[in-house]
>>> print(open('model-v7.cif').read())   # mmCIF, C-alpha atoms
data_upload
#
loop_
_atom_site.group_PDB
_atom_site.id
_atom_site.type_symbol
_atom_site.label_atom_id
_atom_site.label_comp_id
_atom_site.auth_asym_id
_atom_site.auth_seq_id
_atom_site.Cartn_x
_atom_site.Cartn_y
_atom_site.Cartn_z
ATOM 1 C CA MET A 262 20.170 -28.367 -48.601
ATOM 2 C CA GLU A 263 19.840 -27.842 -44.864
ATOM 3 C CA SER A 264 22.337 -25.777 -42.918
ATOM 4 C CA SER A 265 23.933 -26.621 -39.609
ATOM 5 C CA ASN A 266 25.861 -24.911 -36.836
ATOM 6 C CA VAL A 267 28.679 -27.448 -37.098
ATOM 7 C CA THR A 268 31.935 -25.696 -37.944
ATOM 8 C CA ALA A 269 34.875 -26.960 -39.968
ATOM 9 C CA GLY A 270 36.898 -27.381 -36.806
ATOM 10 C CA GLU A 271 34.183 -29.332 -34.992
ATOM 11 C CA LYS A 272 33.691 -31.803 -37.850
ATOM 12 C CA LYS A 273 37.084 -32.962 -39.093
ATOM 13 C CA LEU A 274 37.005 -33.897 -42.747
ATOM 14 C CA ASP A 275 39.213 -35.796 -45.135
ATOM 15 C CA TRP A 276 40.524 -34.070 -48.270
ATOM 16 C CA ASP A 277 37.999 -35.918 -50.424
ATOM 17 C CA ASP A 278 35.224 -34.180 -48.469
ATOM 18 C CA ILE A 279 36.619 -30.671 -48.851
ATOM 19 C CA PHE A 280 34.838 -28.876 -51.689
ATOM 20 C CA ASN A 281 32.911 -32.000 -52.734
ATOM 21 C CA VAL A 282 29.690 -30.215 -51.827
ATOM 22 C CA PHE A 283 27.539 -31.194 -54.789
ATOM 23 C CA GLY A 284 28.752 -34.724 -55.434
ATOM 24 C CA ASP A 285 30.962 -36.258 -58.093
ATOM 25 C CA GLU A 286 28.355 -35.666 -60.799
ATOM 26 C CA PHE A 287 28.768 -31.883 -60.592
ATOM 27 C CA ASP A 288 31.783 -30.405 -62.386
ATOM 28 C CA ARG A 289 32.945 -27.336 -60.467
ATOM 29 C CA PHE A 290 35.065 -26.299 -63.427
ATOM 30 C CA GLY A 291 32.559 -27.000 -66.175
ATOM 31 C CA PHE A 292 32.228 -23.419 -67.338
ATOM 32 C CA PRO A 293 29.339 -22.295 -69.606
ATOM 33 C CA ALA A 294 31.751 -20.276 -71.753
ATOM 34 C CA ASP A 295 35.289 -20.444 -73.157
ATOM 35 C CA VAL A 296 36.879 -20.503 -69.702
ATOM 36 C CA TYR A 297 39.501 -23.138 -68.922
ATOM 37 C CA ARG A 298 41.155 -24.162 -65.681
ATOM 38 C CA VAL A 299 44.936 -24.161 -66.167
ATOM 39 C CA THR A 300 45.785 -24.661 -62.493
ATOM 40 C CA ALA A 301 48.904 -26.778 -61.995
ATOM 41 C CA GLY A 302 49.055 -27.451 -58.257
ATOM 42 C CA PHE A 303 47.400 -27.121 -54.888
ATOM 43 C CA GLY A 304 46.770 -23.777 -53.227
ATOM 44 C CA GLY A 305 45.678 -21.394 -55.956
ATOM 45 C CA GLU A 306 43.654 -21.305 -59.158
ATOM 46 C CA ALA A 307 44.392 -19.953 -62.631
ATOM 47 C CA LEU A 308 41.627 -19.555 -65.221
ATOM 48 C CA LEU A 309 42.096 -18.802 -68.915
ATOM 49 C CA ILE A 310 39.326 -16.844 -70.637
ATOM 50 C CA VAL A 311 39.326 -16.999 -74.439
ATOM 51 C CA GLY A 312 37.431 -14.231 -76.188
ATOM 52 C CA SER A 313 36.804 -13.870 -79.911
ATOM 53 C CA GLU A 314 39.723 -11.411 -80.184
ATOM 54 C CA LYS A 315 41.689 -11.401 -76.931
ATOM 55 C CA THR A 316 42.618 -13.720 -74.093
ATOM 56 C CA ALA A 317 42.905 -13.169 -70.346
ATOM 57 C CA LEU A 318 44.336 -15.148 -67.450
ATOM 58 C CA LEU A 319 42.377 -14.629 -64.236
ATOM 59 C CA ASP A 320 44.886 -15.054 -61.390
ATOM 60 C CA CYS A 321 48.059 -17.136 -61.662
ATOM 61 C CA GLY A 322 48.235 -19.466 -58.691
ATOM 62 C CA MET A 323 51.355 -20.093 -56.630
ATOM 63 C CA ALA A 324 54.973 -19.685 -57.687
ATOM 64 C CA TYR A 325 56.139 -23.220 -56.819
ATOM 65 C CA CYS A 326 54.084 -24.616 -59.731
ATOM 66 C CA GLY A 327 54.363 -21.528 -61.949
ATOM 67 C CA SER A 328 56.377 -23.143 -64.724
ATOM 68 C CA ARG A 329 53.938 -26.065 -64.950
ATOM 69 C CA MET A 330 50.968 -23.713 -65.021
ATOM 70 C CA VAL A 331 52.533 -21.700 -67.836
ATOM 71 C CA GLU A 332 52.972 -24.875 -69.884
ATOM 72 C CA LYS A 333 49.316 -25.800 -69.369
ATOM 73 C CA LEU A 334 48.356 -22.258 -70.300
ATOM 74 C CA ALA A 335 50.387 -22.352 -73.510
ATOM 75 C CA ARG A 336 48.889 -25.715 -74.504
ATOM 76 C CA ARG A 337 45.348 -24.522 -73.875
ATOM 77 C CA LEU A 338 45.973 -21.371 -75.893
ATOM 78 C CA ALA A 339 47.291 -23.478 -78.762
ATOM 79 C CA GLU A 340 44.254 -25.764 -78.588
ATOM 80 C CA ASN A 341 42.146 -22.656 -79.142
ATOM 81 C CA GLY A 342 44.300 -21.506 -82.049
ATOM 82 C CA ARG A 343 46.031 -18.784 -80.025
ATOM 83 C CA GLU A 344 49.639 -17.982 -79.273
ATOM 84 C CA LYS A 345 49.210 -14.708 -77.432
ATOM 85 C CA LEU A 346 48.061 -13.914 -73.909
ATOM 86 C CA ASP A 347 46.699 -10.373 -73.871
ATOM 87 C CA TYR A 348 45.791 -9.773 -70.224
ATOM 88 C CA ILE A 349 46.623 -11.043 -66.756
ATOM 89 C CA ILE A 350 43.811 -10.089 -64.385
ATOM 90 C CA LEU A 351 44.616 -10.030 -60.655
ATOM 91 C CA SER A 352 41.862 -10.440 -58.093
ATOM 92 C CA HIS A 353 44.206 -9.160 -55.363
ATOM 93 C CA SER A 354 47.814 -9.099 -54.197
ATOM 94 C CA HIS A 355 48.097 -12.351 -52.186
ATOM 95 C CA TYR A 356 50.829 -14.870 -53.005
ATOM 96 C CA ASP A 357 48.415 -17.740 -53.709
ATOM 97 C CA HIS A 358 46.651 -15.719 -56.414
ATOM 98 C CA MET A 359 49.582 -14.002 -58.137
ATOM 99 C CA GLY A 360 52.755 -15.743 -56.938
ATOM 100 C CA ALA A 361 53.299 -17.266 -60.381
ATOM 101 C CA LEU A 362 52.972 -13.895 -62.132
ATOM 102 C CA PRO A 363 56.741 -13.631 -62.818
ATOM 103 C CA TYR A 364 56.639 -16.981 -64.647
ATOM 104 C CA VAL A 365 53.712 -15.838 -66.783
ATOM 105 C CA ARG A 366 55.384 -12.548 -67.649
ATOM 106 C CA ARG A 367 58.578 -14.288 -68.695
ATOM 107 C CA ARG A 368 56.660 -16.546 -71.118
ATOM 108 C CA PHE A 369 54.176 -13.871 -72.274
ATOM 109 C CA PRO A 370 55.981 -10.518 -71.886
ATOM 110 C CA GLU A 371 53.402 -8.752 -74.046
ATOM 111 C CA ALA A 372 50.554 -9.484 -71.613
ATOM 112 C CA MET A 373 49.234 -6.478 -69.705
ATOM 113 C CA VAL A 374 48.720 -7.010 -65.960
ATOM 114 C CA CYS A 375 45.460 -5.496 -64.716
ATOM 115 C CA GLY A 376 44.504 -4.917 -61.087
ATOM 116 C CA SER A 377 43.299 -2.351 -58.613
ATOM 117 C CA ARG A 378 45.269 0.773 -57.741
ATOM 118 C CA HIS A 379 45.832 -0.533 -54.231
ATOM 119 C CA CYS A 380 47.103 -3.834 -55.643
ATOM 120 C CA ARG A 381 49.650 -1.893 -57.711
ATOM 121 C CA ASP A 382 50.777 0.045 -54.643
ATOM 122 C CA ILE A 383 51.126 -3.056 -52.454
ATOM 123 C CA LEU A 384 53.277 -4.873 -55.010
ATOM 124 C CA ARG A 385 55.696 -1.940 -54.942
ATOM 125 C CA ARG A 386 56.366 -2.392 -51.211
ATOM 126 C CA PRO A 387 59.565 -4.284 -50.282
ATOM 127 C CA ASN A 388 57.947 -5.796 -47.177
ATOM 128 C CA ALA A 389 55.030 -7.120 -49.244
ATOM 129 C CA ARG A 390 57.406 -8.726 -51.736
ATOM 130 C CA LYS A 391 59.378 -10.240 -48.863
ATOM 131 C CA LEU A 392 56.217 -11.800 -47.384
ATOM 132 C CA ILE A 393 55.097 -13.066 -50.805
ATOM 133 C CA LYS A 394 58.463 -14.796 -51.210
ATOM 134 C CA GLU A 395 58.416 -16.271 -47.680
ATOM 135 C CA LEU A 396 54.900 -17.658 -48.042
ATOM 136 C CA GLY A 397 55.730 -18.943 -51.507
ATOM 137 C CA GLU A 398 58.697 -20.817 -50.059
ATOM 138 C CA ALA A 399 56.489 -22.284 -47.301
ATOM 139 C CA ALA A 400 54.046 -23.474 -49.973
ATOM 140 C CA ARG A 401 56.868 -25.037 -51.991
ATOM 141 C CA LYS A 402 58.094 -26.897 -48.889
ATOM 142 C CA LEU A 403 54.576 -28.217 -48.226
ATOM 143 C CA TYR A 404 53.370 -29.043 -51.720
ATOM 144 C CA ASP A 405 56.619 -29.915 -53.538
ATOM 145 C CA PRO A 406 59.223 -30.707 -50.847
ATOM 146 C CA GLU A 407 61.769 -32.185 -53.268
ATOM 147 C CA SER A 408 61.776 -29.016 -55.353
ATOM 148 C CA ASN A 409 64.229 -26.123 -55.230
ATOM 149 C CA VAL A 410 62.332 -24.156 -57.872
ATOM 150 C CA GLU A 411 62.749 -20.404 -57.739
ATOM 151 C CA ILE A 412 60.157 -18.279 -55.932
ATOM 152 C CA PRO A 413 60.723 -15.031 -57.858
ATOM 153 C CA VAL A 414 59.334 -11.598 -57.054
ATOM 154 C CA ASP A 415 60.600 -9.802 -60.142
ATOM 155 C CA GLY A 416 57.705 -8.857 -62.371
ATOM 156 C CA LEU A 417 55.222 -8.447 -59.512
ATOM 157 C CA ALA A 418 53.613 -5.301 -60.876
ATOM 158 C CA VAL A 419 50.333 -3.928 -62.224
ATOM 159 C CA ASP A 420 50.448 -2.251 -65.653
ATOM 160 C CA VAL A 421 46.798 -1.216 -66.003
ATOM 161 C CA ILE A 422 44.743 0.093 -63.078
ATOM 162 C CA LEU A 423 41.126 -1.037 -62.979
ATOM 163 C CA GLU A 424 38.493 1.006 -61.180
ATOM 164 C CA ASP A 425 35.038 -0.147 -60.153
ATOM 165 C CA GLY A 426 32.927 -0.567 -63.300
ATOM 166 C CA ASP A 427 35.827 -0.603 -65.754
ATOM 167 C CA VAL A 428 35.526 -2.960 -68.724
ATOM 168 C CA VAL A 429 38.187 -5.154 -70.335
ATOM 169 C CA SER A 430 37.090 -6.104 -73.842
ATOM 170 C CA LEU A 431 37.895 -9.566 -75.190
ATOM 171 C CA GLY A 432 35.986 -9.161 -78.451
ATOM 172 C CA ASN A 433 32.505 -10.610 -78.328
ATOM 173 C CA GLY A 434 32.772 -10.776 -74.545
ATOM 174 C CA TYR A 435 34.093 -8.510 -71.842
ATOM 175 C CA LEU A 436 35.053 -8.442 -68.178
ATOM 176 C CA VAL A 437 33.485 -5.932 -65.796
ATOM 177 C CA ALA A 438 35.647 -5.026 -62.783
ATOM 178 C CA LEU A 439 33.836 -4.794 -59.438
ATOM 179 C CA GLU A 440 35.572 -3.408 -56.382
ATOM 180 C CA THR A 441 34.859 -5.857 -53.559
ATOM 181 C CA LYS A 442 36.873 -4.922 -50.486
ATOM 182 C CA GLY A 443 36.851 -6.779 -47.193
ATOM 183 C CA HIS A 444 39.312 -9.625 -47.680
ATOM 184 C CA THR A 445 41.854 -7.001 -48.702
ATOM 185 C CA ASP A 446 41.577 -3.357 -49.741
ATOM 186 C CA CYS A 447 42.760 -4.383 -53.214
ATOM 187 C CA SER A 448 40.213 -7.150 -53.829
ATOM 188 C CA MET A 449 38.210 -7.132 -57.044
ATOM 189 C CA SER A 450 35.581 -9.419 -58.543
ATOM 190 C CA PHE A 451 35.012 -9.776 -62.282
ATOM 191 C CA ALA A 452 31.873 -10.452 -64.284
ATOM 192 C CA LEU A 453 32.271 -12.114 -67.675
ATOM 193 C CA GLU A 454 29.544 -10.853 -69.983
ATOM 194 C CA PRO A 455 27.395 -11.730 -71.823
ATOM 195 C CA ALA A 456 28.021 -15.231 -70.399
ATOM 196 C CA GLY A 457 26.818 -14.000 -66.999
ATOM 197 C CA ILE A 458 29.607 -15.510 -64.871
ATOM 198 C CA LEU A 459 30.633 -13.640 -61.728
ATOM 199 C CA PHE A 460 34.117 -14.535 -60.511
ATOM 200 C CA THR A 461 33.929 -13.412 -56.908
ATOM 201 C CA SER A 462 36.760 -12.377 -54.607
ATOM 202 C CA GLU A 463 37.506 -13.840 -51.201
ATOM 203 C CA SER A 464 35.730 -10.856 -49.635
ATOM 204 C CA THR A 465 32.495 -12.775 -50.141
ATOM 205 C CA GLY A 466 33.788 -16.086 -48.882
ATOM 206 C CA MET A 467 34.651 -19.555 -50.056
ATOM 207 C CA LEU A 468 32.468 -22.643 -49.851
ATOM 208 C CA GLU A 469 34.238 -25.593 -48.234
ATOM 209 C CA THR A 470 31.447 -28.013 -47.337
ATOM 210 C CA SER A 471 27.656 -28.093 -47.419
ATOM 211 C CA GLU A 472 27.761 -26.845 -43.847
ATOM 212 C CA TYR A 473 30.544 -24.270 -43.874
ATOM 213 C CA VAL A 474 31.507 -21.104 -45.729
ATOM 214 C CA HIS A 475 34.935 -19.720 -44.878
ATOM 215 C CA THR A 476 34.828 -15.945 -44.280
ATOM 216 C CA PRO A 477 38.365 -14.602 -44.825
ATOM 217 C CA ILE A 478 37.588 -10.979 -43.935
ATOM 218 C CA LEU A 479 41.112 -9.759 -43.248
ATOM 219 C CA LYS A 480 40.589 -6.009 -43.465
ATOM 220 C CA ASP A 481 37.083 -4.700 -42.849
ATOM 221 C CA TYR A 482 33.797 -6.361 -41.940
ATOM 222 C CA SER A 483 31.594 -3.518 -43.155
ATOM 223 C CA ASP A 484 33.391 -3.487 -46.510
ATOM 224 C CA ALA A 485 32.752 -7.222 -46.833
ATOM 225 C CA MET A 486 29.045 -6.645 -46.179
ATOM 226 C CA LYS A 487 29.018 -3.980 -48.910
ATOM 227 C CA SER A 488 30.741 -6.432 -51.245
ATOM 228 C CA LEU A 489 28.136 -9.076 -50.405
ATOM 229 C CA LYS A 490 25.360 -6.637 -51.269
ATOM 230 C CA LYS A 491 27.053 -5.616 -54.526
ATOM 231 C CA CYS A 492 27.655 -9.189 -55.712
ATOM 232 C CA ARG A 493 24.229 -10.392 -54.623
ATOM 233 C CA GLU A 494 22.440 -7.549 -56.373
ATOM 234 C CA TYR A 495 24.521 -7.985 -59.523
ATOM 235 C CA GLY A 496 22.329 -11.001 -60.132
ATOM 236 C CA ALA A 497 24.800 -13.080 -62.116
ATOM 237 C CA LYS A 498 23.483 -16.183 -63.816
ATOM 238 C CA TYR A 499 26.525 -18.154 -62.664
ATOM 239 C CA ILE A 500 28.841 -17.723 -59.670
ATOM 240 C CA CYS A 501 32.438 -18.913 -59.550
ATOM 241 C CA LEU A 502 34.012 -18.801 -56.082
ATOM 242 C CA PRO A 503 37.767 -18.480 -55.418
ATOM 243 C CA HIS A 504 39.480 -21.772 -54.510
ATOM 244 C CA PHE A 505 36.227 -23.597 -55.240
ATOM 245 C CA GLY A 506 34.851 -23.125 -58.732
ATOM 246 C CA MET A 507 31.302 -22.925 -60.050
ATOM 247 C CA LEU A 508 28.121 -23.191 -58.032
ATOM 248 C CA PRO A 509 25.037 -24.887 -59.457
ATOM 249 C CA GLN A 510 22.635 -22.134 -60.479
ATOM 250 C CA TYR A 511 19.991 -23.248 -57.990
ATOM 251 C CA PHE A 512 22.487 -22.693 -55.163
ATOM 252 C CA ASN A 513 23.315 -19.025 -55.885
ATOM 253 C CA GLU A 514 20.973 -17.380 -53.381
ATOM 254 C CA ARG A 515 21.556 -20.143 -50.846
ATOM 255 C CA TYR A 516 25.264 -19.356 -50.968
ATOM 256 C CA TRP A 517 24.728 -15.683 -50.164
ATOM 257 C CA GLU A 518 22.533 -16.687 -47.227
ATOM 258 C CA MET A 519 25.194 -19.066 -45.942
ATOM 259 C CA PHE A 520 27.941 -16.477 -46.256
ATOM 260 C CA GLU A 521 25.927 -13.868 -44.391
ATOM 261 C CA ALA A 522 25.105 -16.346 -41.609
ATOM 262 C CA ALA A 523 28.754 -17.452 -41.364
ATOM 263 C CA CYS A 524 29.864 -13.831 -40.994
ATOM 264 C CA ARG A 525 27.415 -13.296 -38.133
ATOM 265 C CA GLU A 526 28.556 -16.531 -36.472
ATOM 266 C CA LYS A 527 32.219 -15.549 -36.647
ATOM 267 C CA LEU A 528 31.476 -12.060 -35.380
ATOM 268 C CA GLY A 529 29.666 -13.589 -32.426
ATOM 269 C CA PHE A 530 32.509 -16.035 -31.787
ATOM 270 C CA VAL A 531 35.076 -13.235 -31.646
ATOM 271 C CA GLY A 532 32.729 -11.151 -29.513
ATOM 272 C CA ASP A 533 32.557 -13.985 -26.994
ATOM 273 C CA MET A 534 36.360 -14.191 -26.839
ATOM 274 C CA VAL A 535 36.547 -10.429 -26.298
ATOM 275 C CA SER A 536 34.023 -10.676 -23.465
ATOM 276 C CA ARG A 537 36.292 -13.256 -21.804
ATOM 277 C CA SER A 538 39.269 -10.867 -22.088
ATOM 278 C CA LEU A 539 41.422 -13.364 -23.969
ATOM 279 C CA THR A 540 44.827 -12.259 -25.216
ATOM 280 C CA GLU A 541 45.603 -12.112 -28.946
ATOM 281 C CA ASP A 542 47.500 -15.400 -28.749
ATOM 282 C CA GLN A 543 44.670 -17.069 -26.825
ATOM 283 C CA MET A 544 42.142 -15.829 -29.374
ATOM 284 C CA THR A 545 44.260 -17.177 -32.219
ATOM 285 C CA ASP A 546 44.531 -20.566 -30.507
ATOM 286 C CA GLU A 547 40.754 -20.677 -29.994
ATOM 287 C CA TYR A 548 40.159 -19.680 -33.616
ATOM 288 C CA ILE A 549 42.493 -22.356 -34.969
ATOM 289 C CA LYS A 550 40.907 -24.968 -32.711
ATOM 290 C CA ARG A 551 37.440 -24.071 -34.003
ATOM 291 C CA TYR A 552 38.018 -23.536 -37.709
ATOM 292 C CA TRP A 553 41.268 -25.170 -38.846
ATOM 293 C CA ASN A 554 41.220 -28.582 -40.461
ATOM 294 C CA PRO A 555 44.493 -30.299 -41.478
ATOM 295 C CA ALA A 556 42.837 -31.294 -44.765
ATOM 296 C CA LEU A 557 42.841 -27.596 -45.657
ATOM 297 C CA GLU A 558 46.613 -27.706 -46.138
ATOM 298 C CA LYS A 559 45.805 -28.832 -49.665
ATOM 299 C CA VAL A 560 44.491 -25.288 -50.131
ATOM 300 C CA GLN A 561 46.602 -23.189 -47.796
ATOM 301 C CA PRO A 562 49.755 -23.750 -45.711
ATOM 302 C CA VAL A 563 49.050 -23.499 -41.991
ATOM 303 C CA GLU A 564 51.560 -20.624 -41.702
ATOM 304 C CA ALA A 565 49.398 -18.498 -43.986
ATOM 305 C CA TYR A 566 46.229 -19.624 -42.217
ATOM 306 C CA VAL A 567 47.564 -18.428 -38.856
ATOM 307 C CA ILE A 568 48.520 -15.037 -40.306
ATOM 308 C CA ASN A 569 45.023 -14.726 -41.764
ATOM 309 C CA ALA A 570 43.387 -15.890 -38.529
ATOM 310 C CA ARG A 571 45.025 -13.051 -36.607
ATOM 311 C CA ALA A 572 43.908 -10.559 -39.246
ATOM 312 C CA ILE A 573 40.320 -11.889 -39.231
ATOM 313 C CA ILE A 574 40.120 -11.597 -35.450
ATOM 314 C CA LYS A 575 41.337 -7.984 -35.592
ATOM 315 C CA ALA A 576 38.824 -7.136 -38.337
ATOM 316 C CA MET A 577 35.989 -8.628 -36.295
ATOM 317 C CA MET A 578 37.115 -6.790 -33.149
ATOM 318 C CA LYS A 579 37.127 -3.539 -35.103
ATOM 319 C CA ALA A 580 33.561 -4.243 -36.273
ATOM 320 C CA LEU A 581 32.460 -4.959 -32.706
ATOM 321 C CA GLU A 582 33.714 -1.549 -31.596
#
>>> encode(input="model-v7.cif", output="structure tokens")
Amino acid sequence: MESSNVTAGEKKLDWDDIFNVFGDEFDRFGFPADVYRVTAGFGGEALLIVGSEKTALLDCGMAYCGSRMVEKLARRLAENGREKLDYIILSHSHYDHMGALPYVRRRFPEAMVCGSRHCRDILRRPNARKLIKELGEAARKLYDPESNVEIPVDGLAVDVILEDGDVVSLGNGYLVALETKGHTDCSMSFALEPAGILFTSESTGMLETSEYVHTPILKDYSDAMKSLKKCREYGAKYICLPHFGMLPQYFNERYWEMFEAACREKLGFVGDMVSRSLTEDQMTDEYIKRYWNPALEKVQPVEAYVINARAIIKAMMKALE
């Protein structure tokens, strides 16, 4: 597949084009193991992993569809002869990945929530909880405008701290925690072994089209490059990207190349804006004009995208220093 310098903002796409990189014949959620998509709405994914002895939910999705996701989760557990959810694994502390955590904990109070130390610390901060609630409410307004469903923040907590290299046993399979900073300081990726599936974090990007990889480096560019190196060298048989799903095996190395090139392009773009002495607001406007596509609202409310755009610009400016 040939690459191009066309950006998402320069080539406006319909929703049907977003993520449909490999055609209708490729199932992005056709996992080569007992992994099931229990996502219930737009904006965030939730994946159930069923081991021979224990079960784990990887991320929870957004709060506005939390009750529906929990029902799908319970049905899928029952289909696999299970009633219990043992673990909730958090990739990081953002509302679109763990907003529905309170709903899961209410239904499965015995489940242990696992995440990084920094994730635990962030979820203890009142300002972080306030932002999670505000963004959750914005998502509810966008995706389910007739709803007045609760956007709770009770239960936003990490019970078990995972360090780089820690293992969560599920019986005949296990999850390996990999610290992958860059998107946030609390970001973690997880490798499901022996199936050989690497569930990456947003620190190493998200494929949107055959021509564009989104690079949501909100905290630190150099950390993201370290995370790229770590994930690339892990050499997983399969790669599952956040907000996207599985890649065909033949595309694994091509993806890493595209992500690396997209990072360099964005760094250069920000560098050009700095050289023109643009203000922060002007830079944000230029960024939105170049990269935002209204079709992406199916994935992320524009309010959250703008917040992230400002953070990405600051991270790139820091790298340029």
>>> closest_atom_pairs(input="model-v7.cif", of="range 304-415 of chain A", to="range 494-504 of chain A", cutoff="12 Å", atoms="only C-alpha atoms", output="Markdown table")
| residue | atom | partner | partner_atom | distance |
| --- | --- | --- | --- | --- |
| A:Gly304 | CA | A:His504 | CA | 7.7 |
| A:Gly305 | CA | A:His504 | CA | 6.4 |
| A:Glu306 | CA | A:His504 | CA | 6.3 |
| A:Ala307 | CA | A:His504 | CA | 9.7 |
| A:Leu308 | CA | A:Pro503 | CA | 10.6 |
| A:Leu319 | CA | A:Pro503 | CA | 10.7 |
| A:Asp320 | CA | A:Pro503 | CA | 9.9 |
| A:Gly322 | CA | A:His504 | CA | 10.0 |
| A:Ser352 | CA | A:Pro503 | CA | 9.4 |
| A:His353 | CA | A:Pro503 | CA | 11.3 |
| A:Asp357 | CA | A:His504 | CA | 9.8 |
| A:His358 | CA | A:Pro503 | CA | 9.4 |
>>> closest_residue(input="model-v7.cif", among="A:Ala361, A:Met577, A:Asn554, A:Arg401", to="Tyr482 in chain A", atoms="all atoms listed in the file")
A:Met577
>>> resolve_selection(input="model-v7.cif", expression="the PyMOL selection byres ((chain A and resi 409-418) around 8)", output="PyMOL selection string")
chain A and resi 324-325+360+362-363+366+374+381+384-385+390+393-394+397-398+407-408+419-420
>>> atom_distance(input="model-v7.cif", atom1="CA of Glu526 in chain A", atom2="CA of Ile574 in chain A")
12.6 Å
>>> resolve_selection(input="model-v7.cif", expression="the PyMOL selection byres ((chain A and resi 437) around 9)", output="mmCIF file with C-alpha atoms, in the frame of the given file")
data_model
loop_
_atom_site.group_PDB
_atom_site.id
_atom_site.type_symbol
_atom_site.label_atom_id
_atom_site.label_comp_id
_atom_site.auth_asym_id
_atom_site.auth_seq_id
_atom_site.Cartn_x
_atom_site.Cartn_y
_atom_site.Cartn_z
ATOM 1 C CA ASP A 425 35.038 -0.147 -60.153
ATOM 2 C CA GLY A 426 32.927 -0.567 -63.300
ATOM 3 C CA ASP A 427 35.827 -0.603 -65.754
ATOM 4 C CA VAL A 428 35.526 -2.960 -68.724
ATOM 5 C CA VAL A 429 38.187 -5.154 -70.335
ATOM 6 C CA SER A 430 37.090 -6.104 -73.842
ATOM 7 C CA TYR A 435 34.093 -8.510 -71.842
ATOM 8 C CA LEU A 436 35.053 -8.442 -68.178
ATOM 9 C CA ALA A 438 35.647 -5.026 -62.783
ATOM 10 C CA LEU A 439 33.836 -4.794 -59.438
ATOM 11 C CA SER A 450 35.581 -9.419 -58.543
ATOM 12 C CA PHE A 451 35.012 -9.776 -62.282
ATOM 13 C CA ALA A 452 31.873 -10.452 -64.284
ATOM 14 C CA LEU A 453 32.271 -12.114 -67.675
ATOM 15 C CA GLU A 454 29.544 -10.853 -69.983
#
>>> atom_distance(input="model-v7.cif", atom1="CA of Thr445 in chain A", atom2="CA of Tyr297 in chain A")
26.0 Å
>>> closest_atom_pairs(input="model-v7.cif", of="range 420-505 of chain A", to="range 517-522 of chain A", cutoff="10 Å", atoms="only C-alpha atoms", output="tab-separated table")
residue	atom	partner	partner_atom	distance
A:Thr465	CA	A:Phe520	CA	7.0
A:Gly466	CA	A:Phe520	CA	6.4
A:Met467	CA	A:Phe520	CA	8.3
A:Leu468	CA	A:Phe520	CA	8.5
A:Ser471	CA	A:Met519	CA	9.5
A:Glu472	CA	A:Met519	CA	8.5
A:Tyr473	CA	A:Met519	CA	7.7
A:Val474	CA	A:Phe520	CA	5.9
A:His475	CA	A:Phe520	CA	7.8
A:Thr476	CA	A:Phe520	CA	7.2
A:Ala485	CA	A:Glu521	CA	9.8
A:Met486	CA	A:Glu521	CA	8.1
A:Leu489	CA	A:Trp517	CA	7.4
A:Lys490	CA	A:Trp517	CA	9.1
A:Cys492	CA	A:Trp517	CA	9.0
A:Arg493	CA	A:Trp517	CA	6.9
